[in-house]
file query_10.txt (compact mmCIF, C-alpha atoms)
# COMPACT_ATOMS: atom_id res chain seq x y z
CA MET A 1 -39.58 10.73 14.96
CA SER A 2 -40.99 11.75 11.60
CA GLY A 3 -42.85 9.29 9.40
CA THR A 4 -41.39 7.27 6.57
CA PRO A 5 -40.51 9.58 3.64
CA PRO A 6 -41.85 8.74 0.17
CA ALA A 7 -39.81 6.46 -2.08
CA ARG A 8 -39.16 9.28 -4.55
CA ALA A 9 -37.50 11.32 -1.79
CA GLY A 10 -35.33 8.32 -0.96
CA VAL A 11 -34.22 7.98 -4.57
CA LEU A 12 -33.34 11.68 -4.73
CA CYS A 13 -31.34 11.38 -1.51
CA MET A 14 -29.36 8.46 -2.93
CA LEU A 15 -28.73 10.35 -6.18
CA GLY A 16 -27.29 13.22 -4.16
CA ALA A 17 -25.20 10.88 -2.01
CA THR A 18 -23.75 8.94 -4.94
CA MET A 19 -22.92 12.16 -6.77
CA LEU A 20 -21.01 13.49 -3.75
CA TRP A 21 -19.28 10.15 -3.18
CA GLY A 22 -18.46 9.91 -6.88
CA GLY A 23 -16.28 12.99 -6.50
CA THR A 24 -14.37 11.55 -3.55
CA PHE A 25 -12.39 8.99 -5.56
CA VAL A 26 -10.33 11.53 -7.52
CA VAL A 27 -10.08 13.80 -4.46
CA THR A 28 -8.93 10.94 -2.23
CA ARG A 29 -6.39 9.75 -4.79
CA ASP A 30 -4.83 13.23 -4.93
CA ALA A 31 -5.04 13.81 -1.17
CA LEU A 32 -3.11 10.60 -0.50
CA ALA A 33 0.00 12.32 -1.86
CA ALA A 34 -0.02 14.53 1.24
CA ILE A 35 -1.25 12.24 4.00
CA PRO A 36 -1.28 8.44 4.59
CA PRO A 37 -4.58 6.54 4.13
CA ALA A 38 -5.27 5.91 7.84
CA GLY A 39 -4.52 9.50 8.77
CA LEU A 40 -6.72 10.83 5.99
CA ILE A 41 -9.66 8.61 6.93
CA ALA A 42 -9.33 9.22 10.67
CA GLY A 43 -9.04 12.97 10.16
CA ARG A 44 -12.11 13.24 7.94
CA PHE A 45 -14.17 11.01 10.26
CA LEU A 46 -13.21 13.03 13.32
CA THR A 47 -14.07 16.30 11.57
CA ALA A 48 -17.37 15.00 10.19
CA GLY A 49 -18.32 13.26 13.43
CA ALA A 50 -17.73 16.38 15.52
CA LEU A 51 -19.83 18.46 13.12
CA LEU A 52 -22.69 15.94 13.03
CA ALA A 53 -22.64 15.52 16.82
CA ALA A 54 -22.82 19.29 17.28
CA ILE A 55 -25.78 19.51 14.89
CA ALA A 56 -27.53 16.60 16.63
CA LEU A 57 -27.03 18.07 20.10
CA ALA A 58 -28.06 21.57 19.02
CA GLY A 59 -31.20 20.15 17.46
CA ARG A 60 -31.88 17.98 20.53
CA ARG A 61 -31.88 14.85 18.41
CA ARG A 62 -32.67 11.63 20.21
CA PHE A 63 -29.74 9.29 20.91
CA GLY A 64 -31.81 6.25 21.71
CA ARG A 65 -30.72 2.68 22.36
CA ASP A 66 -31.27 1.63 18.75
CA THR A 67 -29.19 4.59 17.54
CA TRP A 68 -26.24 3.51 19.65
CA ILE A 69 -26.55 -0.15 18.65
CA ALA A 70 -26.84 0.55 14.91
CA GLY A 71 -24.10 3.17 14.98
CA LEU A 72 -21.57 1.21 17.01
CA VAL A 73 -22.15 -2.14 15.29
CA SER A 74 -21.98 -0.69 11.77
CA ALA A 75 -18.98 1.56 12.46
CA PRO A 76 -16.21 -1.08 12.13
CA PHE A 77 -17.57 -2.10 8.72
CA VAL A 78 -17.72 1.54 7.59
CA ALA A 79 -14.17 2.12 8.82
CA ALA A 80 -12.94 -1.00 7.00
CA CYS A 81 -14.58 0.15 3.78
CA TYR A 82 -12.99 3.59 3.76
CA LEU A 83 -9.57 2.42 4.93
CA LEU A 84 -9.35 -0.45 2.43
CA GLN A 85 -10.65 1.77 -0.34
CA ALA A 86 -8.08 4.48 0.36
CA THR A 87 -5.28 1.91 0.56
CA GLY A 88 -6.39 0.42 -2.74
CA LEU A 89 -6.32 3.84 -4.38
CA LEU A 90 -2.55 3.92 -3.88
CA ALA A 91 -2.23 1.32 -6.65
CA THR A 92 -5.35 1.59 -8.80
CA SER A 93 -7.20 4.30 -10.70
CA ALA A 94 -10.03 6.35 -9.26
CA GLY A 95 -12.34 4.88 -11.89
CA SER A 96 -11.52 1.26 -11.08
CA SER A 97 -11.87 1.93 -7.37
CA ALA A 98 -15.33 3.43 -7.85
CA PHE A 99 -16.56 0.59 -10.01
CA LEU A 100 -15.28 -2.10 -7.66
CA THR A 101 -16.91 -0.26 -4.78
CA ALA A 102 -20.22 -0.40 -6.61
CA ALA A 103 -19.79 -4.10 -7.38
CA GLY A 104 -19.11 -4.93 -3.74
CA THR A 105 -21.96 -2.79 -2.46
CA LEU A 106 -24.41 -4.66 -4.70
CA THR A 107 -23.98 -7.65 -2.37
CA VAL A 108 -26.23 -5.77 0.07
CA ALA A 109 -29.17 -7.59 -1.54
CA LEU A 110 -27.74 -10.96 -0.42
CA PHE A 111 -27.02 -9.73 3.11
CA ALA A 112 -30.48 -8.16 3.36
CA TRP A 113 -32.09 -11.42 2.23
CA ALA A 114 -30.11 -13.41 4.81
CA GLY A 115 -30.34 -10.93 7.67
CA LEU A 116 -33.64 -9.11 7.14
CA GLY A 117 -35.69 -11.52 5.08
CA GLU A 118 -35.89 -8.99 2.22
CA ARG A 119 -35.99 -11.32 -0.75
CA PRO A 120 -35.14 -9.38 -3.94
CA SER A 121 -37.69 -9.47 -6.73
CA ARG A 122 -36.87 -10.75 -10.20
CA ARG A 123 -36.58 -7.19 -11.45
CA VAL A 124 -34.12 -6.26 -8.71
CA THR A 125 -32.14 -9.45 -9.35
CA SER A 126 -31.97 -8.60 -13.06
CA GLY A 127 -30.83 -5.08 -12.21
CA ILE A 128 -28.10 -6.40 -9.91
CA ALA A 129 -26.86 -8.80 -12.59
CA LEU A 130 -26.75 -6.02 -15.18
CA ALA A 131 -24.96 -3.66 -12.79
CA LEU A 132 -22.41 -6.36 -11.93
CA LEU A 133 -21.74 -6.90 -15.62
CA GLY A 134 -21.23 -3.18 -16.05
CA SER A 135 -18.86 -3.10 -13.08
CA ALA A 136 -16.93 -6.02 -14.56
CA LEU A 137 -16.42 -4.17 -17.83
CA LEU A 138 -15.22 -1.15 -15.90
CA SER A 139 -13.02 -2.84 -13.33
CA TRP A 140 -11.16 -5.85 -14.66
CA ARG A 141 -7.62 -5.51 -15.83
CA SER A 142 -6.39 -7.23 -18.96
CA GLY A 143 -6.49 -10.98 -18.56
CA MET A 144 -9.55 -10.75 -16.30
CA ARG A 145 -7.44 -10.89 -13.14
CA PHE A 146 -7.57 -8.79 -10.01
CA GLY A 147 -4.55 -7.19 -8.43
CA GLY A 148 -4.08 -6.71 -4.70
CA ALA A 149 -5.42 -3.16 -4.76
CA GLU A 150 -8.59 -4.29 -6.49
CA LEU A 151 -9.14 -7.06 -3.96
CA LEU A 152 -8.74 -4.60 -1.07
CA THR A 153 -11.28 -2.27 -2.65
CA LEU A 154 -13.78 -5.05 -3.25
CA ALA A 155 -13.39 -6.32 0.33
CA GLY A 156 -13.99 -2.81 1.65
CA ALA A 157 -17.13 -2.40 -0.44
CA THR A 158 -18.49 -5.72 0.81
CA ALA A 159 -17.90 -4.54 4.37
CA TYR A 160 -19.94 -1.44 3.61
CA ALA A 161 -22.78 -3.63 2.33
CA VAL A 162 -22.85 -5.29 5.75
CA ALA A 163 -23.00 -1.85 7.40
CA LEU A 164 -26.00 -0.94 5.24
CA VAL A 165 -27.90 -4.00 6.44
CA VAL A 166 -27.00 -3.36 10.10
CA VAL A 167 -28.47 0.13 9.79
CA ALA A 168 -31.50 -1.12 7.82
CA ALA A 169 -32.40 -3.49 10.64
CA ARG A 170 -33.14 -0.55 12.96
CA ILE A 171 -33.71 2.32 10.54
CA GLY A 172 -37.34 2.82 11.60
CA ARG A 173 -36.33 3.48 15.20
CA VAL A 174 -33.37 5.84 14.88
CA ASP A 175 -32.81 9.52 14.27
CA PRO A 176 -30.77 9.91 11.04
CA VAL A 177 -28.56 12.74 12.28
CA ALA A 178 -27.84 11.12 15.64
CA LEU A 179 -27.15 7.75 14.00
CA THR A 180 -24.73 9.25 11.46
CA ALA A 181 -22.92 11.13 14.23
CA VAL A 182 -22.47 7.99 16.35
CA GLN A 183 -21.43 5.88 13.38
CA THR A 184 -18.90 8.43 12.11
CA LEU A 185 -17.25 9.05 15.48
CA ALA A 186 -17.11 5.31 16.21
CA ALA A 187 -15.57 4.70 12.77
CA ALA A 188 -12.93 7.33 13.57
CA ALA A 189 -12.12 5.48 16.80
CA CYS A 190 -11.67 2.27 14.80
CA VAL A 191 -9.20 3.88 12.39
CA LEU A 192 -7.19 5.96 14.88
CA PRO A 193 -5.02 3.05 16.12
CA PHE A 194 -3.75 2.65 12.54
CA ALA A 195 -3.16 6.37 12.03
CA ARG A 196 -0.17 6.66 14.41
CA GLY A 197 -0.66 10.38 14.84
CA SER A 198 -0.93 11.13 11.12
CA ALA A 199 -4.58 12.15 11.60
CA LEU A 200 -3.24 15.37 13.11
CA ALA A 201 -1.48 16.09 9.83
CA ALA A 202 -4.85 17.00 8.34
CA ALA A 203 -4.82 20.18 10.42
CA GLY A 204 -1.60 21.28 8.75
CA LEU A 205 -2.74 20.81 5.16
CA GLU A 206 -2.62 23.90 3.00
CA GLY A 207 -3.87 25.08 -0.39
CA PRO A 208 -5.46 22.44 -2.63
CA ASP A 209 -4.81 19.68 -0.09
CA ARG A 210 -6.86 21.52 2.53
CA LEU A 211 -9.72 21.98 0.06
CA ARG A 212 -9.57 18.27 -0.79
CA PHE A 213 -9.71 17.34 2.89
CA LEU A 214 -12.67 19.65 3.51
CA TYR A 215 -14.55 18.12 0.59
CA LEU A 216 -13.90 14.62 1.91
CA ALA A 217 -14.92 15.54 5.47
CA LEU A 218 -17.96 17.69 4.69
CA ALA A 219 -19.36 16.25 1.47
CA GLY A 220 -18.04 12.67 1.64
CA SER A 221 -18.29 11.95 5.38
CA SER A 222 -21.07 14.28 6.55
CA VAL A 223 -23.65 15.14 3.90
CA ALA A 224 -23.49 11.98 1.77
CA PRO A 225 -23.81 9.47 4.67
CA LEU A 226 -26.68 11.52 6.10
CA LEU A 227 -28.48 11.47 2.74
CA GLN A 228 -27.94 7.71 2.58
CA VAL A 229 -29.53 7.17 6.01
CA PHE A 230 -32.53 9.29 5.00
CA ALA A 231 -32.81 7.19 1.83
CA GLN A 232 -32.72 3.98 3.86
CA ARG A 233 -35.83 5.12 5.73
CA ALA A 234 -37.75 5.11 2.43
CA LEU A 235 -36.20 2.28 0.38
CA PRO A 236 -35.41 -1.40 0.99
CA ALA A 237 -31.77 -2.43 1.12
CA ALA A 238 -31.71 -4.04 -2.34
CA ARG A 239 -32.82 -0.82 -4.03
CA ILE A 240 -30.24 1.12 -2.03
CA GLY A 241 -27.60 -1.25 -3.43
CA ILE A 242 -28.79 -0.68 -7.00
CA LEU A 243 -28.68 3.09 -6.58
CA PHE A 244 -25.18 2.80 -5.13
CA ALA A 245 -24.15 1.52 -8.56
CA LEU A 246 -24.51 5.10 -9.81
CA GLU A 247 -21.47 6.07 -7.75
CA PRO A 248 -18.94 4.86 -10.36
CA VAL A 249 -20.82 6.62 -13.13
CA PHE A 250 -20.40 9.93 -11.31
CA ALA A 251 -16.81 8.97 -10.48
CA LEU A 252 -16.13 8.34 -14.16
CA VAL A 253 -17.38 11.81 -15.06
CA PHE A 254 -15.33 13.46 -12.29
CA ALA A 255 -12.23 11.43 -13.22
CA VAL A 256 -12.49 12.59 -16.84
CA LEU A 257 -13.31 16.23 -16.06
CA PHE A 258 -10.99 16.82 -13.09
CA GLY A 259 -8.73 13.79 -12.68
CA ALA A 260 -7.02 13.70 -16.07
CA GLU A 261 -7.98 10.04 -16.47
CA ARG A 262 -8.96 8.49 -19.79
CA PHE A 263 -11.01 5.36 -20.27
CA ALA A 264 -11.43 2.73 -22.97
CA PRO A 265 -14.79 2.31 -24.76
CA ARG A 266 -15.60 -0.75 -22.64
CA TRP A 267 -15.62 1.50 -19.56
CA TRP A 268 -18.30 3.67 -21.11
CA ALA A 269 -20.22 0.55 -22.12
CA GLY A 270 -20.06 -0.59 -18.50
CA ALA A 271 -21.36 2.78 -17.32
CA GLY A 272 -24.23 2.42 -19.76
CA LEU A 273 -25.11 -1.01 -18.36
CA ILE A 274 -25.13 0.39 -14.82
CA LEU A 275 -27.44 3.21 -15.87
CA GLY A 276 -29.65 0.64 -17.58
CA ALA A 277 -29.82 -1.40 -14.37
CA VAL A 278 -30.95 1.64 -12.40
CA VAL A 279 -33.59 2.46 -15.01
CA ILE A 280 -34.89 -1.13 -14.96
CA VAL A 281 -35.32 -1.10 -11.20
CA GLU A 282 -36.18 2.52 -10.43
CA GLY A 283 -37.87 3.53 -13.66
CA ILE A 284 -40.75 1.12 -13.12
CA ALA A 285 -40.47 0.26 -9.42
CA SER A 286 -43.52 0.94 -7.30
CA PRO A 287 -43.11 2.85 -4.04
CA ALA A 288 -41.64 0.86 -1.18
CA GLY A 289 -44.14 -0.45 1.29
CA PRO A 290 -44.33 0.80 4.86
CA ARG A 291 -41.50 -0.39 7.02
CA SER A 292 -41.96 -2.75 9.86
CA PRO A 293 -40.69 -1.72 13.33
CA GLY A 294 -37.50 -3.63 12.63
CA GLY A 295 -36.72 -1.44 9.66
CA SER A 296 -37.31 -3.83 6.76
CA SER A 297 -40.05 -3.36 4.24
CA ALA A 298 -43.43 -4.83 5.11
CA ARG A 299 -43.37 -6.65 1.76
CA PRO A 300 -40.48 -8.07 -0.32
CA ALA A 301 -37.53 -5.83 -1.13
CA THR A 302 -39.30 -4.25 -4.06
CA THR A 303 -42.30 -5.03 -6.24

call {"tool": "encode", "arguments": {"input": "query_10.txt", "output": "structure tokens"}}
result
Amino acid sequence: MSGTPPARAGVLCMLGATMLWGGTFVVTRDALAAIPPAGLIAGRFLTAGALLAAIALAGRRRFGRDTWIAGLVSAPFVAACYLLQATGLLATSAGSSAFLTAAGTLTVALFAWAGLGERPSRRVTSGIALALLGSALLSWRSGMRFGGAELLTLAGATAYAVALVVVAARIGRVDPVALTAVQTLAAAACVLPFARGSALAAAGLEGPDRLRFLYLALAGSSVAPLLQVFAQRALPAARIGILFALEPVFALVFAVLFGAERFAPRWWAGAGLILGAVVIVEGIASPAGPRSPGGSSARPATT
């Protein structure tokens, strides 16, 4: 097992992951025209899990006890996130889905405090509050009320925050590739009962739909989760949650450039607040302390 990577490497990994995930909202929205949500999620998890497992086995990665525990326990929460998010995208915009996902994921700081004892610093708390305000500007419909699709998306994002903390509890004792393989295949097993055979429809996709599926499976369900796990080895959970808030900013750009979506000025103001939150936390944050054997930082969540 290699040592803990520097905090800067963790930040770069999360930037890469959020950029790749930011592109999945528009791609998922368009792919849902060809395949139901459960089938799409199950198909991409099966494809990604098989690829990651092959890489892990070829590289003789260690599938230790902690890898199996973290992967299997976190998998249902990961599956719930993706399935609820995809279902929500049937009735909401890619932009709103991304922003609500970021808002829900920010709750990782609360779960990490309760489950890992990682109490967020004042700076992290301020960053979370600013990012939540930005997400509110970007997500609420007129009248400041949620619809059913928005509630599903938010619930899914909160489930993913729980998965992040489950992984963080054992991150110092797992191999990232092996963990991601176990988690992805187990998540596929969780979704398959809801797919009713539609997961096989992914194999018959053609043209743009096939390209969309490959992006979701390779970039969204293989590379991005792996980058996130590497980042978790270097950064406490609260900082991971803050960096996740960049996902809707990337989604906004992709939705404008490739998704033919247009957004009101308040959306751009919200994106600015999210970027400000990341700058507040990451622009002046000191490197994360060495992790304890349990996976949490040896000192509070950040400085």

call {"tool": "closest_residue", "arguments": {"input": "query_10.txt", "among": "A:Ala188, A:Ala103, A:Val177, A:Ala231", "to": "A:Gly10", "atoms": "only C-alpha atoms"}}
result
A:Ala231

call {"tool": "atom_distance", "arguments": {"input": "query_10.txt", "atom1": "atom CA of A:Phe254", "atom2": "atom CA of A:Gly23"}}
result
5.9 Å

call {"tool": "residues_around", "arguments": {"input": "query_10.txt", "residues": "A:Cys81", "least_positions_apart": "3", "cutoff": "6 Å", "atoms": "all atoms listed in the file", "output": "PyMOL selection string"}}
result
chain A and resi 78+84-85+156-157+159-160

call {"tool": "write_last_selection", "arguments": {"input": "query_10.txt", "atoms": "C-alpha atoms", "output": "JSON list (two decimals), keeping the file's coordinate frame"}}
result
[["chain", "number", "residue", "atom", "x", "y", "z"],
["A", 78, "VAL", "CA", -17.72, 1.54, 7.59],
["A", 84, "LEU", "CA", -9.35, -0.45, 2.43],
["A", 85, "GLN", "CA", -10.65, 1.77, -0.34],
["A", 156, "GLY", "CA", -13.99, -2.81, 1.65],
["A", 157, "ALA", "CA", -17.13, -2.40, -0.44],
["A", 159, "ALA", "CA", -17.90, -4.54, 4.37],
["A", 160, "TYR", "CA", -19.94, -1.44, 3.61]]

call {"tool": "closest_residue", "arguments": {"input": "query_10.txt", "among": "A:Leu227, A:Leu216, A:Ile128, A:Ala163", "to": "A:Ser74", "atoms": "all atoms listed in the file"}}
result
A:Ala163

call {"tool": "atom_distance", "arguments": {"input": "query_10.txt", "atom1": "atom CA of A:Leu110", "atom2": "atom CA of A:Val281"}}
result
16.5 Å

call {"tool": "residues_around", "arguments": {"input": "query_10.txt", "residues": "A:Ala38", "least_positions_apart": "3", "cutoff": "10 Å", "atoms": "only C-alpha atoms", "output": "count of residues only"}}
result
21

call {"tool": "closest_residue", "arguments": {"input": "query_10.txt", "among": "A:Leu72, A:Cys13, A:Val249, A:Leu57", "to": "A:Cys190", "atoms": "only C-alpha atoms"}}
result
A:Leu72

call {"tool": "atom_distance", "arguments": {"input": "query_10.txt", "atom1": "atom CA of A:Ala168", "atom2": "atom CA of A:Leu116"}}
result
8.3 Å

call {"tool": "residues_around", "arguments": {"input": "query_10.txt", "residues": "A:Val73", "least_positions_apart": "6", "cutoff": "9 Å", "atoms": "all atoms listed in the file", "output": "PyMOL selection string"}}
result
chain A and resi 163+166-167+183

call {"tool": "axis_aligned_box", "arguments": {"input": "query_10.txt", "around": "stretch 60-64 of chain A", "padding_each_side": "8 Å", "output": "lines of an AutoDock Vina configuration file"}}
result
center_x = -31.2
center_y = 12.1
center_z = 20.1
size_x = 18.9
size_y = 27.7
size_z = 19.3

call {"tool": "closest_residue", "arguments": {"input": "query_10.txt", "among": "A:Ala50, A:Ala129, A:Ala80, A:Ala251", "to": "A:Gly276", "atoms": "all atoms listed in the file"}}
result
A:Ala129

call {"tool": "closest_residue", "arguments": {"input": "query_10.txt", "among": "A:Pro6, A:Gly22, A:Gly207, A:Pro248", "to": "A:Ala219", "atoms": "all atoms listed in the file"}}
result
A:Gly22

call {"tool": "closest_residue", "arguments": {"input": "query_10.txt", "among": "A:Ala54, A:Val26, A:Leu243, A:Ala98", "to": "A:Phe258", "atoms": "all atoms listed in the file"}}
result
A:Val26
